[in-house]
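Just data.pdb here, PDB, C-alpha atoms and all ligand atoms:
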ATOM      1  CA  MET A 179     151.008 174.889 127.615  1.00  0.00           C
ATOM      2  CA  GLY A 180     149.229 173.082 130.406  1.00  0.00           C
ATOM      3  CA  LYS A 181     151.090 169.836 129.894  1.00  0.00           C
ATOM      4  CA  GLY A 182     151.131 167.806 133.071  1.00  0.00           C
ATOM      5  CA  TYR A 183     148.530 169.956 134.826  1.00  0.00           C
ATOM      6  CA  ARG A 184     145.470 169.890 132.586  1.00  0.00           C
ATOM      7  CA  GLY A 185     142.857 167.455 133.830  1.00  0.00           C
ATOM      8  CA  LYS A 186     144.324 167.117 137.332  1.00  0.00           C
ATOM      9  CA  LEU A 187     142.231 168.246 140.283  1.00  0.00           C
ATOM     10  CA  CYS A 188     142.591 171.946 141.118  1.00  0.00           C
ATOM     11  CA  VAL A 189     144.552 172.145 144.388  1.00  0.00           C
ATOM     12  CA  TYR A 190     142.791 175.361 145.438  1.00  0.00           C
ATOM     13  CA  CYS A 191     139.100 174.296 145.309  1.00  0.00           C
ATOM     14  CA  LEU A 192     139.401 170.503 144.851  1.00  0.00           C
ATOM     15  CA  GLU A 193     136.207 170.728 142.825  1.00  0.00           C
ATOM     16  CA  ALA A 194     137.148 171.415 139.218  1.00  0.00           C
ATOM     17  CA  GLU A 195     139.672 170.047 136.772  1.00  0.00           C
ATOM     18  CA  ALA A 196     142.792 172.103 136.288  1.00  0.00           C
ATOM     19  CA  GLU A 197     143.086 174.029 133.082  1.00  0.00           C
ATOM     20  CA  ASP A 198     146.766 174.803 133.524  1.00  0.00           C
ATOM     21  CA  GLY A 199     149.553 175.159 136.071  1.00  0.00           C
ATOM     22  CA  ASP A 200     149.368 178.234 138.285  1.00  0.00           C
ATOM     23  CA  HIS A 201     152.510 179.886 139.639  1.00  0.00           C
ATOM     24  CA  VAL A 202     152.056 179.854 143.427  1.00  0.00           C
ATOM     25  CA  LEU A 203     153.975 183.129 143.491  1.00  0.00           C
ATOM     26  CA  SER A 204     152.827 185.010 140.414  1.00  0.00           C
ATOM     27  CA  ARG A 205     155.624 185.952 138.005  1.00  0.00           C
ATOM     28  CA  GLN A 206     154.299 189.510 138.128  1.00  0.00           C
ATOM     29  CA  PHE A 207     155.673 189.903 141.679  1.00  0.00           C
ATOM     30  CA  VAL A 208     159.175 189.180 140.440  1.00  0.00           C
ATOM     31  CA  LEU A 209     161.815 190.798 138.211  1.00  0.00           C
ATOM     32  CA  PRO A 210     162.164 188.945 134.873  1.00  0.00           C
ATOM     33  CA  GLU A 211     165.601 187.527 135.766  1.00  0.00           C
ATOM     34  CA  HIS A 212     164.201 185.851 138.901  1.00  0.00           C
ATOM     35  CA  ARG A 213     161.160 184.215 137.302  1.00  0.00           C
ATOM     36  CA  HIS A 214     162.676 180.793 136.648  1.00  0.00           C
ATOM     37  CA  ASN A 215     161.831 177.817 138.874  1.00  0.00           C
ATOM     38  CA  LEU A 216     158.767 179.308 140.533  1.00  0.00           C
ATOM     39  CA  PRO A 217     156.624 176.416 141.841  1.00  0.00           C
ATOM     40  CA  LYS A 218     153.485 175.576 139.843  1.00  0.00           C
ATOM     41  CA  VAL A 219     150.351 173.708 140.853  1.00  0.00           C
ATOM     42  CA  PRO A 220     147.255 172.469 139.005  1.00  0.00           C
ATOM     43  CA  ALA A 221     144.539 175.149 139.054  1.00  0.00           C
ATOM     44  CA  CYS A 222     141.096 175.486 137.490  1.00  0.00           C
ATOM     45  CA  LYS A 223     140.005 178.510 135.488  1.00  0.00           C
ATOM     46  CA  ARG A 224     137.789 179.959 138.229  1.00  0.00           C
ATOM     47  CA  CYS A 225     140.447 179.750 140.970  1.00  0.00           C
ATOM     48  CA  ASN A 226     143.048 181.101 138.576  1.00  0.00           C
ATOM     49  CA  ASN A 227     140.802 184.103 137.886  1.00  0.00           C
ATOM     50  CA  GLU A 228     140.012 184.713 141.560  1.00  0.00           C
ATOM     51  CA  LYS A 229     143.684 184.524 142.503  1.00  0.00           C
ATOM     52  CA  SER A 230     144.624 186.775 139.575  1.00  0.00           C
ATOM     53  CA  LYS A 231     142.308 189.495 140.877  1.00  0.00           C
ATOM     54  CA  LEU A 232     144.191 189.530 144.188  1.00  0.00           C
ATOM     55  CA  GLU A 233     147.529 189.477 142.349  1.00  0.00           C
ATOM     56  CA  HIS A 234     146.485 192.300 140.088  1.00  0.00           C
ATOM     57  CA  TYR A 235     145.805 194.536 143.064  1.00  0.00           C
ATOM     58  CA  LEU A 236     148.713 193.395 145.219  1.00  0.00           C
ATOM     59  CA  THR A 237     151.400 193.566 142.506  1.00  0.00           C
ATOM     60  CA  THR A 238     150.518 197.242 142.230  1.00  0.00           C
ATOM     61  CA  VAL A 239     150.261 198.100 145.934  1.00  0.00           C
ATOM     62  CA  MET A 240     152.803 195.871 147.703  1.00  0.00           C
ATOM     63  CA  PRO A 241     155.929 197.222 145.910  1.00  0.00           C
ATOM     64  CA  PHE A 242     155.413 200.529 147.732  1.00  0.00           C
ATOM     65  CA  GLY A 243     156.199 198.752 151.002  1.00  0.00           C
ATOM     66  CA  GLY A 244     158.868 196.440 149.572  1.00  0.00           C
ATOM     67  CA  ARG A 245     162.110 196.118 151.538  1.00  0.00           C
ATOM     68  CA  HIS A 246     163.798 193.124 149.852  1.00  0.00           C
ATOM     69  CA  GLY A 247     166.725 193.492 147.450  1.00  0.00           C
ATOM     70  CA  ASP A 248     164.686 193.902 144.247  1.00  0.00           C
ATOM     71  CA  ALA A 249     162.130 196.250 145.824  1.00  0.00           C
ATOM     72  CA  GLY A 250     163.494 199.498 144.360  1.00  0.00           C
ATOM     73  CA  ARG A 251     163.662 198.160 140.826  1.00  0.00           C
ATOM     74  CA  ILE A 252     160.214 196.560 140.985  1.00  0.00           C
ATOM     75  CA  LEU A 253     158.702 199.845 142.134  1.00  0.00           C
ATOM     76  CA  ALA A 254     160.515 201.842 139.467  1.00  0.00           C
ATOM     77  CA  GLU A 255     160.212 199.425 136.537  1.00  0.00           C
ATOM     78  CA  GLN A 256     156.990 197.488 137.019  1.00  0.00           C
ATOM     79  CA  VAL A 257     154.561 199.610 139.004  1.00  0.00           C
ATOM     80  CA  PRO A 258     154.162 202.751 136.841  1.00  0.00           C
ATOM     81  CA  GLY A 259     152.703 200.771 133.924  1.00  0.00           C
ATOM     82  CA  ARG A 260     150.243 199.035 136.249  1.00  0.00           C
ATOM     83  CA  LEU A 261     149.100 202.326 137.759  1.00  0.00           C
ATOM     84  CA  VAL A 262     148.454 203.791 134.303  1.00  0.00           C
ATOM     85  CA  ARG A 263     146.078 200.897 133.673  1.00  0.00           C
ATOM     86  CA  ASN A 264     144.224 201.340 136.965  1.00  0.00           C
ATOM     87  CA  GLU A 265     143.091 204.923 137.479  1.00  0.00           C
ATOM     88  CA  ARG A 266     140.882 204.242 140.473  1.00  0.00           C
ATOM     89  CA  LEU A 267     143.653 202.512 142.419  1.00  0.00           C
ATOM     90  CA  CYS A 268     146.056 205.246 141.371  1.00  0.00           C
ATOM     91  CA  ARG A 269     143.775 207.909 142.909  1.00  0.00           C
ATOM     92  CA  GLU A 270     143.289 205.807 146.053  1.00  0.00           C
ATOM     93  CA  LEU A 271     147.044 205.473 146.536  1.00  0.00           C
ATOM     94  CA  ALA A 272     147.722 209.136 145.824  1.00  0.00           C
ATOM     95  CA  ALA A 273     145.148 210.160 148.454  1.00  0.00           C
ATOM     96  CA  GLY A 274     146.373 207.760 151.126  1.00  0.00           C
ATOM     97  CA  THR A 275     150.155 207.832 150.760  1.00  0.00           C
ATOM     98  CA  GLU A 276     152.194 209.235 153.624  1.00  0.00           C
ATOM     99  CA  GLN A 277     155.908 209.924 153.601  1.00  0.00           C
ATOM    100  CA  TYR A 278     158.002 209.476 156.720  1.00  0.00           C
ATOM    101  CA  LEU A 279     161.581 208.841 157.772  1.00  0.00           C
ATOM    102  CA  VAL A 280     162.664 205.512 159.153  1.00  0.00           C
ATOM    103  CA  SER A 281     165.854 204.380 160.835  1.00  0.00           C
ATOM    104  CA  GLU A 282     166.271 200.637 161.152  1.00  0.00           C
ATOM    105  CA  ASN A 283     168.569 199.243 163.840  1.00  0.00           C
ATOM    106  CA  GLY A 284     170.206 202.624 164.374  1.00  0.00           C
ATOM    107  CA  GLY A 285     171.077 203.080 160.692  1.00  0.00           C
ATOM    108  CA  LEU A 286     170.739 206.189 158.550  1.00  0.00           C
ATOM    109  CA  TRP A 287     167.375 207.903 158.392  1.00  0.00           C
ATOM    110  CA  GLU A 288     165.819 206.981 155.088  1.00  0.00           C
ATOM    111  CA  PRO A 289     162.623 208.167 153.448  1.00  0.00           C
ATOM    112  CA  SER A 290     159.879 205.587 153.414  1.00  0.00           C
ATOM    113  CA  MET A 291     156.170 205.592 152.811  1.00  0.00           C
ATOM    114  CA  THR A 292     152.937 203.944 153.737  1.00  0.00           C
ATOM    115  CA  VAL A 293     150.089 203.262 151.368  1.00  0.00           C
ATOM    116  CA  PRO A 294     146.557 202.083 152.145  1.00  0.00           C
ATOM    117  CA  LEU A 295     146.294 198.313 151.867  1.00  0.00           C
ATOM    118  CA  ASP A 296     143.341 195.946 151.902  1.00  0.00           C
ATOM    119  CA  GLY A 297     144.953 193.513 154.347  1.00  0.00           C
ATOM    120  CA  ARG A 298     142.301 190.876 153.736  1.00  0.00           C
ATOM    121  CA  ALA A 299     143.393 190.713 150.069  1.00  0.00           C
ATOM    122  CA  LEU A 300     146.949 189.909 151.126  1.00  0.00           C
ATOM    123  CA  GLU A 301     145.750 187.309 153.633  1.00  0.00           C
ATOM    124  CA  GLY A 302     143.574 185.820 150.900  1.00  0.00           C
ATOM    125  CA  LEU A 303     146.572 185.515 148.607  1.00  0.00           C
ATOM    126  CA  PHE A 304     148.597 183.878 151.391  1.00  0.00           C
ATOM    127  CA  GLU A 305     145.782 181.329 151.795  1.00  0.00           C
ATOM    128  CA  TYR A 306     146.092 180.399 148.110  1.00  0.00           C
ATOM    129  CA  MET A 307     149.872 180.240 148.514  1.00  0.00           C
ATOM    130  CA  THR A 308     149.534 177.978 151.554  1.00  0.00           C
ATOM    131  CA  ARG A 309     147.390 175.547 149.586  1.00  0.00           C
ATOM    132  CA  GLY A 310     149.847 175.766 146.700  1.00  0.00           C
ATOM    133  CA  LEU A 311     152.977 175.240 148.790  1.00  0.00           C
ATOM    134  CA  ALA A 312     151.428 172.393 150.813  1.00  0.00           C
ATOM    135  CA  TRP A 313     150.731 170.610 147.543  1.00  0.00           C
ATOM    136  CA  HIS A 314     154.109 171.521 146.061  1.00  0.00           C
ATOM    137  CA  HIS A 315     156.080 170.153 149.026  1.00  0.00           C
ATOM    138  CA  TRP A 316     153.870 167.397 150.397  1.00  0.00           C
ATOM    139  CA  ARG A 317     151.071 166.794 147.872  1.00  0.00           C
ATOM    140  CA  LEU A 318     148.689 167.791 150.658  1.00  0.00           C
ATOM    141  CA  THR A 319     145.218 169.152 149.883  1.00  0.00           C
ATOM    142  CA  PHE A 320     142.542 170.551 152.183  1.00  0.00           C
ATOM    143  CA  GLY A 321     138.887 169.756 151.544  1.00  0.00           C
ATOM    144  CA  PRO A 322     135.745 171.217 153.129  1.00  0.00           C
ATOM    145  CA  GLY A 323     136.596 169.655 156.510  1.00  0.00           C
ATOM    146  CA  PHE A 324     139.576 171.981 156.851  1.00  0.00           C
ATOM    147  CA  VAL A 325     140.219 175.565 157.727  1.00  0.00           C
ATOM    148  CA  VAL A 326     142.879 177.384 155.719  1.00  0.00           C
ATOM    149  CA  ARG A 327     143.351 180.810 157.248  1.00  0.00           C
ATOM    150  CA  ALA A 328     146.130 183.394 157.005  1.00  0.00           C
ATOM    151  CA  ALA A 329     146.385 186.443 159.232  1.00  0.00           C
ATOM    152  CA  PHE A 330     148.667 189.173 160.425  1.00  0.00           C
ATOM    153  CA  LEU A 331     148.498 188.341 164.098  1.00  0.00           C
ATOM    154  CA  SER A 332     148.424 190.357 167.276  1.00  0.00           C
ATOM    155  CA  GLU A 333     151.304 189.713 169.666  1.00  0.00           C
ATOM    156  CA  ALA A 334     149.208 187.335 171.788  1.00  0.00           C
ATOM    157  CA  ALA A 335     147.982 185.254 168.858  1.00  0.00           C
ATOM    158  CA  SER A 336     151.477 185.303 167.409  1.00  0.00           C
ATOM    159  CA  ARG A 337     152.832 183.612 170.545  1.00  0.00           C
ATOM    160  CA  LEU A 338     150.237 180.842 170.283  1.00  0.00           C
ATOM    161  CA  PHE A 339     151.235 180.377 166.680  1.00  0.00           C
ATOM    162  CA  GLU A 340     154.965 180.354 167.238  1.00  0.00           C
ATOM    163  CA  GLY A 341     154.313 177.599 169.818  1.00  0.00           C
ATOM    164  CA  LEU A 342     152.677 175.543 167.079  1.00  0.00           C
ATOM    165  CA  MET A 343     155.557 176.285 164.699  1.00  0.00           C
ATOM    166  CA  ALA A 344     158.116 175.115 167.257  1.00  0.00           C
ATOM    167  CA  ARG A 345     156.542 171.671 167.515  1.00  0.00           C
ATOM    168  CA  ASN A 346     158.138 168.644 165.949  1.00  0.00           C
ATOM    169  CA  GLY A 347     157.247 168.029 162.341  1.00  0.00           C
ATOM    170  CA  GLU A 348     158.491 168.085 158.817  1.00  0.00           C
ATOM    171  CA  ARG A 349     159.850 171.510 157.883  1.00  0.00           C
ATOM    172  CA  VAL A 350     160.137 173.280 154.569  1.00  0.00           C
ATOM    173  CA  ASN A 351     161.248 176.758 153.675  1.00  0.00           C
ATOM    174  CA  GLY A 352     162.055 178.797 150.636  1.00  0.00           C
ATOM    175  CA  LYS A 353     162.891 182.183 149.232  1.00  0.00           C
ATOM    176  CA  LEU A 354     161.202 182.533 145.873  1.00  0.00           C
ATOM    177  CA  GLY A 355     161.685 184.980 143.039  1.00  0.00           C
ATOM    178  CA  GLY A 356     164.783 186.817 144.284  1.00  0.00           C
ATOM    179  CA  ASN A 357     163.487 186.749 147.884  1.00  0.00           C
ATOM    180  CA  ALA A 358     160.119 188.232 146.907  1.00  0.00           C
ATOM    181  CA  LEU A 359     158.410 185.521 148.967  1.00  0.00           C
ATOM    182  CA  ASP A 360     160.093 184.200 152.090  1.00  0.00           C
ATOM    183  CA  TYR A 361     158.280 181.294 153.756  1.00  0.00           C
ATOM    184  CA  GLU A 362     158.603 178.514 156.256  1.00  0.00           C
ATOM    185  CA  GLY A 363     156.154 175.697 156.909  1.00  0.00           C
ATOM    186  CA  VAL A 364     155.817 172.849 159.405  1.00  0.00           C
ATOM    187  CA  LYS A 365     153.670 169.760 158.966  1.00  0.00           C
ATOM    188  CA  ALA A 366     152.623 167.909 162.097  1.00  0.00           C
ATOM    189  CA  ASN A 367     153.689 164.273 162.191  1.00  0.00           C
ATOM    190  CA  ASP A 368     150.273 162.858 163.030  1.00  0.00           C
ATOM    191  CA  GLY A 369     149.124 162.921 159.393  1.00  0.00           C
ATOM    192  CA  LYS A 370     145.899 164.768 160.195  1.00  0.00           C
ATOM    193  CA  GLY A 371     146.559 167.815 158.044  1.00  0.00           C
ATOM    194  CA  LEU A 372     147.823 170.349 160.573  1.00  0.00           C
ATOM    195  CA  THR A 373     150.332 172.659 158.922  1.00  0.00           C
ATOM    196  CA  VAL A 374     151.515 176.079 160.100  1.00  0.00           C
ATOM    197  CA  TRP A 375     153.322 178.718 158.090  1.00  0.00           C
ATOM    198  CA  ARG A 376     155.123 182.027 158.248  1.00  0.00           C
ATOM    199  CA  MET A 377     155.131 184.118 155.101  1.00  0.00           C
ATOM    200  CA  SER A 378     156.504 187.465 154.121  1.00  0.00           C
ATOM    201  CA  LEU A 379     155.983 189.159 150.764  1.00  0.00           C
ATOM    202  CA  TYR A 380     158.687 191.708 149.885  1.00  0.00           C
ATOM    203  CA  ARG A 381     159.445 191.927 153.644  1.00  0.00           C
ATOM    204  CA  ALA A 382     156.823 194.668 153.536  1.00  0.00           C
ATOM    205  CA  VAL A 383     155.566 195.858 156.893  1.00  0.00           C
ATOM    206  CA  VAL A 384     151.818 195.764 157.314  1.00  0.00           C
ATOM    207  CA  ALA A 385     150.292 197.940 160.017  1.00  0.00           C
ATOM    208  CA  GLY A 386     146.819 197.699 161.418  1.00  0.00           C
ATOM    209  CA  ASP A 387     144.610 198.758 164.268  1.00  0.00           C
ATOM    210  CA  ARG A 388     143.528 195.473 165.788  1.00  0.00           C
ATOM    211  CA  GLY A 389     140.017 195.146 167.143  1.00  0.00           C
ATOM    212  CA  GLY A 390     139.547 198.911 167.278  1.00  0.00           C
ATOM    213  CA  THR A 391     141.852 199.267 170.275  1.00  0.00           C
ATOM    214  CA  GLY A 392     143.556 202.296 168.736  1.00  0.00           C
ATOM    215  CA  ARG A 393     146.868 200.522 169.176  1.00  0.00           C
ATOM    216  CA  GLU A 394     148.709 199.971 165.951  1.00  0.00           C
ATOM    217  CA  GLU A 395     150.584 196.727 165.464  1.00  0.00           C
ATOM    218  CA  ARG A 396     153.137 196.252 162.722  1.00  0.00           C
ATOM    219  CA  SER A 397     154.382 193.056 161.198  1.00  0.00           C
ATOM    220  CA  SER A 398     156.147 191.929 158.065  1.00  0.00           C
ATOM    221  CA  THR A 399     155.136 188.315 158.655  1.00  0.00           C
ATOM    222  CA  SER A 400     151.775 186.686 158.211  1.00  0.00           C
ATOM    223  CA  HIS A 401     150.971 183.302 159.706  1.00  0.00           C
ATOM    224  CA  CYS A 402     148.777 180.672 158.137  1.00  0.00           C
ATOM    225  CA  ILE A 403     147.237 177.517 159.504  1.00  0.00           C
ATOM    226  CA  THR A 404     145.588 174.500 157.953  1.00  0.00           C
ATOM    227  CA  ALA A 405     143.692 172.343 160.414  1.00  0.00           C
ATOM    228  CA  PRO A 406     140.589 170.156 160.706  1.00  0.00           C
ATOM    229  CA  LYS A 407     137.574 172.372 161.382  1.00  0.00           C
ATOM    230  CA  ASN A 408     136.359 170.242 164.263  1.00  0.00           C
ATOM    231  CA  TRP A 409     139.488 170.592 166.434  1.00  0.00           C
ATOM    232  CA  PRO A 410     139.111 172.670 169.637  1.00  0.00           C
ATOM    233  CA  THR A 411     142.428 174.438 168.862  1.00  0.00           C
ATOM    234  CA  THR A 412     141.080 175.481 165.478  1.00  0.00           C
ATOM    235  CA  ALA A 413     138.035 177.084 167.081  1.00  0.00           C
ATOM    236  CA  LYS A 414     140.223 178.865 169.635  1.00  0.00           C
ATOM    237  CA  PHE A 415     142.487 180.157 166.909  1.00  0.00           C
ATOM    238  CA  LEU A 416     139.647 181.444 164.747  1.00  0.00           C
ATOM    239  CA  GLU A 417     138.162 183.137 167.796  1.00  0.00           C
ATOM    240  CA  MET A 418     141.431 185.017 168.314  1.00  0.00           C
ATOM    241  CA  LEU A 419     141.168 186.256 164.727  1.00  0.00           C
ATOM    242  CA  GLY A 420     137.643 187.456 165.336  1.00  0.00           C
ATOM    243  CA  ASP A 421     136.104 185.032 162.809  1.00  0.00           C
TER     244      ASP A 421
HETATM  245 ZN    ZN B 501     139.749 175.580 141.523  1.00  0.00          ZN
END

For the file at hand, write its structure as structure tokens.
Ligand SMILES: [Zn+2]
Amino acid sequence: MGKGYRGKLCVYCLEAEAEDGDHVLSRQFVLPEHRHNLPKVPACKRCNNEKSKLEHYLTTVMPFGGRHGDAGRILAEQVPGRLVRNERLCRELAAGTEQYLVSENGGLWEPSMTVPLDGRALEGLFEYMTRGLAWHHWRLTFGPGFVVRAAFLSEAASRLFEGLMARNGERVNGKLGGNALDYEGVKANDGKGLTVWRMSLYRAVVAGDRGGTGREERSSTSHCITAPKNWPTTAKFLEMLGD
């Protein structure tokens, strides 16, 4: 194990030597038959542990909102065992789960549910994935002079972002692990480290009350940006996120 990754610089923190390769999309998000060919990147022990904590939580919670092809089986086959091992989370989910009926594009009414989600945990995982995918596709890394920030955006911020995504640049996309992760990324041609991404995990819809306006916005897509900290656009973007 670890061949080819051990001793390289960790792509997440750029501070420590990698102990092993980390699956950018954890195998735990995916049914066993779709676990082959998941991209791996060099990662140190500390980053691996920090990312694992997010994965531990999200592999238990996200399947409840899953809408991709494997969603039903993941919820039925993989989640019960994880809930047994995490009593506190189990109670939290039981208390916060709501059932409702949903009809998509005029189709049949189908039962669905919402569960409480720590959205910042999912954004945090997307930030790791952005670093991982940028290295996987372009061997790009982002040191302390860069912002790497993922967010489920309001409509206004989303428009700003889609404008950035539409610009000319090198494009990559992928559907990993039986469509568990669907992503698209664009790298600006100027070589200064601007990349923008769309990501969706399980096509799950995440709802939130933005800025305490009482208006709920729903999205299945998170955006992520990597950009030099000292750019005016970066500051404007972070301001829109309330950072
Ligand atoms: Zn690290």

Quick one: which chain A residues come within 12 Å of ligand ZN 501 (chain B), and what is the nearest atom pair for each with the distance in Å to one decimal, counting all atoms listed in the file, rows ordered by chain and ascending number, as a tab-separated table?
residue	atom	partner	partner_atom	distance
A:Gly185	CA	B:ZN501	ZN	11.6
A:Lys186	CA	B:ZN501	ZN	10.5
A:Leu187	CA	B:ZN501	ZN	7.8
A:Cys188	CA	B:ZN501	ZN	4.6
A:Val189	CA	B:ZN501	ZN	6.6
A:Tyr190	CA	B:ZN501	ZN	5.0
A:Cys191	CA	B:ZN501	ZN	4.1
A:Leu192	CA	B:ZN501	ZN	6.1
A:Glu193	CA	B:ZN501	ZN	6.1
A:Ala194	CA	B:ZN501	ZN	5.4
A:Glu195	CA	B:ZN501	ZN	7.3
A:Ala196	CA	B:ZN501	ZN	7.0
A:Glu197	CA	B:ZN501	ZN	9.2
A:Asp198	CA	B:ZN501	ZN	10.7
A:Gly199	CA	B:ZN501	ZN	11.2
A:Asp200	CA	B:ZN501	ZN	10.5
A:Val219	CA	B:ZN501	ZN	10.8
A:Pro220	CA	B:ZN501	ZN	8.5
A:Ala221	CA	B:ZN501	ZN	5.4
A:Cys222	CA	B:ZN501	ZN	4.3
A:Lys223	CA	B:ZN501	ZN	6.7
A:Arg224	CA	B:ZN501	ZN	5.8
A:Cys225	CA	B:ZN501	ZN	4.3
A:Asn226	CA	B:ZN501	ZN	7.1
A:Asn227	CA	B:ZN501	ZN	9.3
A:Glu228	CA	B:ZN501	ZN	9.1
A:Lys229	CA	B:ZN501	ZN	9.8
A:Tyr306	CA	B:ZN501	ZN	10.3
A:Arg309	CA	B:ZN501	ZN	11.1
A:Gly310	CA	B:ZN501	ZN	11.3
A:Thr319	CA	B:ZN501	ZN	11.9
A:Gly321	CA	B:ZN501	ZN	11.6

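When atom CA of Val202 of chain A is paired with atom CA of Arg260 of chain A, their separation reads 20.6 Å.
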
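Going from atom CA of Leu267 of chain A over to atom CA of Ala385 of chain A, you cover 19.4 Å.
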
Where does segment 218-278 of chain A meet segment 345-359 of chain A within 9 Å, residue by residue, with the nearest atom pair and distance in Å to one decimal for each, counting only C-alpha atoms, listed by chain and rising number, as a Markdown table?
| residue | atom | partner | partner_atom | distance |
| --- | --- | --- | --- | --- |
| A:Gly244 | CA | A:Ala358 | CA | 8.7 |
| A:His246 | CA | A:Asn357 | CA | 6.7 |
| A:Gly247 | CA | A:Asn357 | CA | 7.5 |
| A:Asp248 | CA | A:Gly356 | CA | 7.1 |
| A:Ala249 | CA | A:Ala358 | CA | 8.3 |

>> Report as a list in words all protein, DNA and RNA residues lying within 12 Å of Thr411 of chain A, evaluated on only C-alpha atoms, omitting residues in the same chain fewer than 6 positions from it.
In response: Val325, Leu338, Phe339, Leu342, Leu372, Ile403, Thr404, Ala405, Glu417 and Met418 of chain A

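Counting all atoms listed in the file and comparing A:Thr373, A:Asn215, A:Ser378, A:Asn367, the residue that lies closest to Trp313 of chain A is A:Thr373.
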
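For the choices A:Thr292, A:Leu203, A:Glu211, A:Val257, the atom-to-atom distance to Gln277 of chain A is smallest for A:Thr292 when using only C-alpha atoms.
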
>> Rounded to one decimal, what separation in Å do you get between atom CA of Thr237 of chain A and atom CA of Thr275 of chain A?
In response: 16.5 Å

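For the choices A:Gln206, A:Ser290, A:Thr399, A:Asn408, the atom-to-atom distance to Leu331 of chain A is smallest for A:Thr399 when using only C-alpha atoms.
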
I want to know what sits within 12 Å of Met240 of chain A, based on only C-alpha atoms, with residues of the same chain fewer than 3 positions away left out; could you give that as a PDB file with C-alpha atoms, keeping the file's coordinate frame?
ATOM      1  CA  GLN A 206     154.299 189.510 138.128  1.00  0.00           C
ATOM      2  CA  PHE A 207     155.673 189.903 141.679  1.00  0.00           C
ATOM      3  CA  VAL A 208     159.175 189.180 140.440  1.00  0.00           C
ATOM      4  CA  LEU A 232     144.191 189.530 144.188  1.00  0.00           C
ATOM      5  CA  GLU A 233     147.529 189.477 142.349  1.00  0.00           C
ATOM      6  CA  HIS A 234     146.485 192.300 140.088  1.00  0.00           C
ATOM      7  CA  TYR A 235     145.805 194.536 143.064  1.00  0.00           C
ATOM      8  CA  LEU A 236     148.713 193.395 145.219  1.00  0.00           C
ATOM      9  CA  THR A 237     151.400 193.566 142.506  1.00  0.00           C
ATOM     10  CA  GLY A 243     156.199 198.752 151.002  1.00  0.00           C
ATOM     11  CA  GLY A 244     158.868 196.440 149.572  1.00  0.00           C
ATOM     12  CA  ARG A 245     162.110 196.118 151.538  1.00  0.00           C
ATOM     13  CA  HIS A 246     163.798 193.124 149.852  1.00  0.00           C
ATOM     14  CA  ALA A 249     162.130 196.250 145.824  1.00  0.00           C
ATOM     15  CA  GLY A 250     163.494 199.498 144.360  1.00  0.00           C
ATOM     16  CA  ILE A 252     160.214 196.560 140.985  1.00  0.00           C
ATOM     17  CA  LEU A 253     158.702 199.845 142.134  1.00  0.00           C
ATOM     18  CA  GLN A 256     156.990 197.488 137.019  1.00  0.00           C
ATOM     19  CA  VAL A 257     154.561 199.610 139.004  1.00  0.00           C
ATOM     20  CA  LEU A 271     147.044 205.473 146.536  1.00  0.00           C
ATOM     21  CA  MET A 291     156.170 205.592 152.811  1.00  0.00           C
ATOM     22  CA  THR A 292     152.937 203.944 153.737  1.00  0.00           C
ATOM     23  CA  VAL A 293     150.089 203.262 151.368  1.00  0.00           C
ATOM     24  CA  PRO A 294     146.557 202.083 152.145  1.00  0.00           C
ATOM     25  CA  LEU A 295     146.294 198.313 151.867  1.00  0.00           C
ATOM     26  CA  ASP A 296     143.341 195.946 151.902  1.00  0.00           C
ATOM     27  CA  GLY A 297     144.953 193.513 154.347  1.00  0.00           C
ATOM     28  CA  ALA A 299     143.393 190.713 150.069  1.00  0.00           C
ATOM     29  CA  LEU A 300     146.949 189.909 151.126  1.00  0.00           C
ATOM     30  CA  ALA A 358     160.119 188.232 146.907  1.00  0.00           C
ATOM     31  CA  LEU A 359     158.410 185.521 148.967  1.00  0.00           C
ATOM     32  CA  SER A 378     156.504 187.465 154.121  1.00  0.00           C
ATOM     33  CA  LEU A 379     155.983 189.159 150.764  1.00  0.00           C
ATOM     34  CA  TYR A 380     158.687 191.708 149.885  1.00  0.00           C
ATOM     35  CA  ARG A 381     159.445 191.927 153.644  1.00  0.00           C
ATOM     36  CA  ALA A 382     156.823 194.668 153.536  1.00  0.00           C
ATOM     37  CA  VAL A 383     155.566 195.858 156.893  1.00  0.00           C
ATOM     38  CA  VAL A 384     151.818 195.764 157.314  1.00  0.00           C
ATOM     39  CA  SER A 398     156.147 191.929 158.065  1.00  0.00           C
TER      40      SER A 398
END

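Each of A:Leu279, A:Ser204, A:Glu395, A:Gly182 was checked against Lys231 of chain A using only C-alpha atoms; the smallest atom-to-atom distance is that of A:Ser204.
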
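Of the residues listed (A:Arg263, A:Ala329, A:Ala335, A:Ser400), A:Ser400 shows the shortest atom-to-atom separation from Asp360 of chain A; distances use all atoms listed in the file.
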
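For the choices A:His401, A:Lys218, A:His201, A:His212, the atom-to-atom distance to Arg337 of chain A is smallest for A:His401 when using all atoms listed in the file.
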